[in-house]
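Undergrad: To be precise about what I am sending: the file is called final20.cif and holds mmCIF, C-alpha atoms.
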```cif
data_query
loop_
_atom_site.label_atom_id
_atom_site.label_comp_id
_atom_site.auth_asym_id
_atom_site.auth_seq_id
_atom_site.Cartn_x
_atom_site.Cartn_y
_atom_site.Cartn_z
CA ARG A 930 59.79 284.85 16.14
CA THR A 931 58.73 283.18 19.42
CA ALA A 932 58.44 286.68 20.91
CA ASN A 933 56.28 287.78 17.94
CA ALA A 934 58.80 290.51 17.14
CA ASP A 935 57.81 293.29 14.76
CA LEU A 936 61.41 294.47 14.40
CA PHE A 937 64.86 293.02 15.13
CA ILE A 938 67.93 295.12 15.94
CA SER A 939 71.34 293.51 16.43
CA LEU A 940 73.88 295.81 18.15
CA HIS A 941 77.60 295.44 17.43
CA SER A 942 80.95 297.18 17.62
CA ASP A 943 83.11 296.97 14.50
CA SER A 944 86.85 296.35 14.23
CA GLY A 945 89.22 296.28 11.34
CA GLY A 946 91.81 297.98 9.27
CA ASN A 947 94.54 300.11 10.73
CA GLY A 948 92.51 301.80 13.45
CA GLN A 949 91.87 304.92 11.36
CA THR A 950 88.40 303.92 10.20
CA SER A 951 85.65 305.30 12.39
CA GLY A 952 81.92 305.82 12.46
CA ALA A 953 78.67 303.95 12.81
CA SER A 954 76.98 302.01 10.03
CA ILE A 955 73.94 299.82 9.62
CA TYR A 956 73.33 296.66 7.62
CA THR A 957 70.22 295.26 5.98
CA LEU A 958 69.88 291.99 4.09
CA SER A 959 71.75 291.71 0.79
CA ASP A 960 70.43 290.08 -2.38
CA SER A 961 72.62 287.01 -1.82
CA GLY A 962 71.30 286.80 1.73
CA THR A 963 67.76 287.07 0.39
CA GLU A 964 68.31 283.98 -1.77
CA ARG A 965 69.68 282.06 1.23
CA ALA A 966 66.75 283.20 3.37
CA ALA A 967 64.25 282.12 0.71
CA LYS A 968 65.68 278.60 0.75
CA LYS A 969 65.42 278.48 4.53
CA ALA A 970 61.88 279.90 4.45
CA GLN A 971 60.75 277.05 2.19
CA ALA A 972 62.01 274.44 4.64
CA VAL A 973 59.29 272.36 6.24
CA LYS A 974 60.39 273.38 9.74
CA GLY A 975 63.08 275.39 11.44
CA ASP A 976 63.80 278.85 12.75
CA TRP A 977 63.53 280.55 9.37
CA SER A 978 60.64 278.63 7.83
CA LEU A 979 57.34 280.36 7.17
CA ALA A 980 54.28 278.63 8.53
CA ASP A 981 51.23 277.69 6.48
CA LEU A 982 52.76 278.01 3.03
CA PRO A 983 50.82 276.37 0.19
CA SER A 984 52.16 273.13 -1.26
CA ASP A 985 52.25 274.54 -4.82
CA GLN A 986 55.91 275.42 -5.38
CA VAL A 987 55.22 278.36 -7.73
CA VAL A 988 52.70 279.94 -5.36
CA LYS A 989 55.02 279.29 -2.42
CA SER A 990 57.92 281.03 -4.20
CA ILE A 991 55.75 284.02 -5.09
CA LEU A 992 54.50 284.41 -1.51
CA ILE A 993 58.02 284.18 -0.11
CA ASP A 994 59.27 286.72 -2.66
CA LEU A 995 56.48 289.18 -1.82
CA THR A 996 57.08 288.74 1.90
CA GLN A 997 60.82 289.27 1.52
CA ARG A 998 60.39 292.37 -0.65
CA ALA A 999 58.13 293.98 1.92
CA THR A 1000 60.50 292.99 4.74
CA LYS A 1001 63.56 294.33 2.91
CA ASN A 1002 61.78 297.62 2.22
CA ARG A 1003 60.73 297.96 5.84
CA SER A 1004 64.27 297.12 7.00
CA ALA A 1005 65.72 299.76 4.67
CA THR A 1006 63.21 302.34 5.89
CA PHE A 1007 64.12 301.64 9.50
CA ALA A 1008 67.87 301.66 8.74
CA GLN A 1009 67.56 305.14 7.21
CA LEU A 1010 65.61 306.37 10.23
CA VAL A 1011 68.32 305.08 12.58
CA MET A 1012 71.08 306.78 10.61
CA ASP A 1013 69.10 310.03 10.45
CA HIS A 1014 68.64 310.00 14.22
CA ILE A 1015 72.04 308.82 15.49
CA GLY A 1016 73.90 311.10 13.08
CA ASP A 1017 73.13 313.97 15.46
CA SER A 1018 75.24 312.43 18.21
CA THR A 1019 77.49 309.82 16.60
CA PRO A 1020 79.95 310.05 13.71
CA LEU A 1021 78.87 307.95 10.73
CA LEU A 1022 80.90 306.06 8.16
CA LYS A 1023 80.82 307.73 4.76
CA THR A 1024 78.98 304.69 3.38
CA ASN A 1025 76.81 303.96 6.40
CA LEU A 1026 73.90 302.10 4.78
CA ARG A 1027 75.25 298.65 3.90
CA GLN A 1028 74.00 295.23 2.92
CA ALA A 1029 75.19 291.78 3.93
CA GLY A 1030 73.96 288.22 4.35
CA PHE A 1031 74.44 288.06 8.13
CA VAL A 1032 72.41 285.34 9.86
CA VAL A 1033 70.68 287.87 12.15
CA LEU A 1034 69.14 289.50 9.07
CA LEU A 1035 67.69 286.35 7.45
CA ALA A 1036 64.12 286.24 8.77
CA PRO A 1037 61.92 286.60 5.67
CA ASP A 1038 59.06 288.25 7.55
CA VAL A 1039 60.66 290.34 10.33
CA PRO A 1040 62.38 293.62 9.42
CA ALA A 1041 65.94 293.42 10.75
CA VAL A 1042 69.06 295.58 10.94
CA LEU A 1043 72.55 295.12 12.30
CA LEU A 1044 73.87 298.38 13.80
CA GLU A 1045 77.64 298.78 14.01
CA MET A 1046 77.95 301.49 16.66
CA GLY A 1047 81.58 302.32 15.91
CA PHE A 1048 85.06 300.81 15.68
CA VAL A 1049 86.57 299.46 18.90
CA ASN A 1050 90.06 299.70 17.40
CA ASN A 1051 89.67 303.44 16.66
CA ALA A 1052 90.67 305.58 19.65
CA SER A 1053 87.86 308.13 19.25
CA ASP A 1054 85.13 305.55 18.59
CA GLY A 1055 86.47 303.37 21.40
CA GLU A 1056 86.17 306.25 23.86
CA MET A 1057 82.59 306.93 22.77
CA LEU A 1058 81.65 303.26 23.01
CA ALA A 1059 83.13 303.07 26.50
CA ASP A 1060 81.26 306.21 27.63
CA SER A 1061 77.95 305.25 29.25
CA HIS A 1062 76.50 308.72 28.59
CA HIS A 1063 77.26 308.45 24.86
CA ARG A 1064 75.73 304.96 24.71
CA GLU A 1065 72.63 306.27 26.49
CA VAL A 1066 72.31 309.15 24.01
CA MET A 1067 72.84 306.83 21.02
CA MET A 1068 70.25 304.33 22.23
CA GLY A 1069 67.86 307.20 22.94
CA GLN A 1070 68.22 308.17 19.28
CA VAL A 1071 67.63 304.55 18.23
CA ALA A 1072 64.50 304.55 20.42
CA LYS A 1073 63.29 307.69 18.61
CA ALA A 1074 63.85 305.94 15.28
CA ILE A 1075 61.80 302.97 16.55
CA ASP A 1076 58.99 305.28 17.66
CA GLN A 1077 58.98 307.06 14.30
CA TYR A 1078 59.08 303.76 12.41
CA PHE A 1079 55.99 302.43 14.18
CA ALA A 1080 54.22 305.82 14.12
CA ASN A 1081 54.61 305.80 10.33
CA ASP A 1082 53.01 302.33 10.20
CA VAL A 1083 49.97 303.61 12.06
CA LYS A 1084 49.80 306.72 9.86
CA TYR A 1085 50.01 304.70 6.63
CA ALA A 1086 47.49 302.13 7.86
CA SER A 1087 44.97 304.83 8.79
CA LEU A 1088 45.43 306.48 5.38
CA ALA A 1089 44.52 303.14 3.82
CA GLY A 1090 41.43 302.87 6.02
CA ILE A 1091 42.95 300.15 8.21
CA ARG A 1092 42.78 300.68 11.95
#
```
Spell out the structure here as structure tokens.

TA:
Amino acid sequence: RTANADLFISLHSDSGGNGQTSGASIYTLSDSGTERAAKKAQAVKGDWSLADLPSDQVVKSILIDLTQRATKNRSATFAQLVMDHIGDSTPLLKTNLRQAGFVVLLAPDVPAVLLEMGFVNNASDGEMLADSHHREVMMGQVAKAIDQYFANDVKYASLAGIR
């Protein structure tokens, strides 16, 4: 928020199971996380609070809900773009679009995703994650998703007469 971010991407490597699970996945905020974020957004101050909210509790709740809905939709749009792009170079989990209440996804007004780039305890994924060329290709695909995400914003804004 202090950097006036328009998008937040948290990069991770997964681990778990018996070492057979492999593939990348991406998380956006879950419904339970949305409720937690709404409570934090209504706080008077703090990292997750929204500035300049009205004092009327009903109006405040409506504004937070509208903000969160738009943010969740934008996060989901970006998550799909990332999966569409990295799928060309990186194996994906069968269920690669996921939801969770992770802290890094809680900002009510900044679209956010958590990208699990693969499983460190899977031999094949581990090799890819350790390969600088593969990481460069994957992040190049993420960069293309970012470019497309923001290009779509400009396109939609100009269609609405906003420039």

Undergrad: Decode the PyMOL selection byres ((chain A and resi 1009-1011) around 12) for the given file into explicit residues and return them as JSON, numbers by chain.

TA: {"A": [938, 953, 954, 955, 956, 957, 1002, 1003, 1004, 1005, 1006, 1007, 1008, 1012, 1013, 1014, 1015, 1016, 1017, 1018, 1019, 1021, 1025, 1026, 1027, 1042, 1043, 1044, 1045, 1046, 1067, 1068, 1069, 1070, 1071, 1072, 1073, 1074, 1075, 1076, 1077, 1078, 1079, 1081]}

Undergrad: So how far away is atom CA of A:Ser959 from atom CA of A:Pro1040, in Å?

TA: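 Separation of atom CA of A:Pro1040 and atom CA of A:Ser959: 12.9 Å.
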
Undergrad: Could you check how far atom CA of A:Gly948 sits from atom CA of A:Val1049, in Å to one decimal?

TA: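 Atom-to-atom, atom CA of A:Gly948 to atom CA of A:Val1049, that is 8.4 Å.
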
Undergrad: In Å, rounded to a single decimal, give me how far atom CA of A:Asp1060 is from atom CA of A:Gly945.

TA: 20.7 Å

Undergrad: Between A:Gly952, A:Thr1024, A:Leu940, A:Ala934, which residue has the minimum interatomic distance to A:Met1057, considering all atoms listed in the file?

TA: A:Gly952

Undergrad: Could you tell me which residues the PyMOL selection byres ((chain A and resi 1038) around 7) returns for this structure, as number ranges by chain?

TA: A: 996-997, 1000, 1036-1037, 1039-1040

Undergrad: Pick out the closest residue to A:Asn1050 from this set: A:Lys1023, A:Gln949, A:Gly1030, A:Arg1064. Count all atoms listed in the file.

TA: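 Once distances to A:Asn1050 are computed over all atoms listed in the file, the minimum belongs to A:Gln949.
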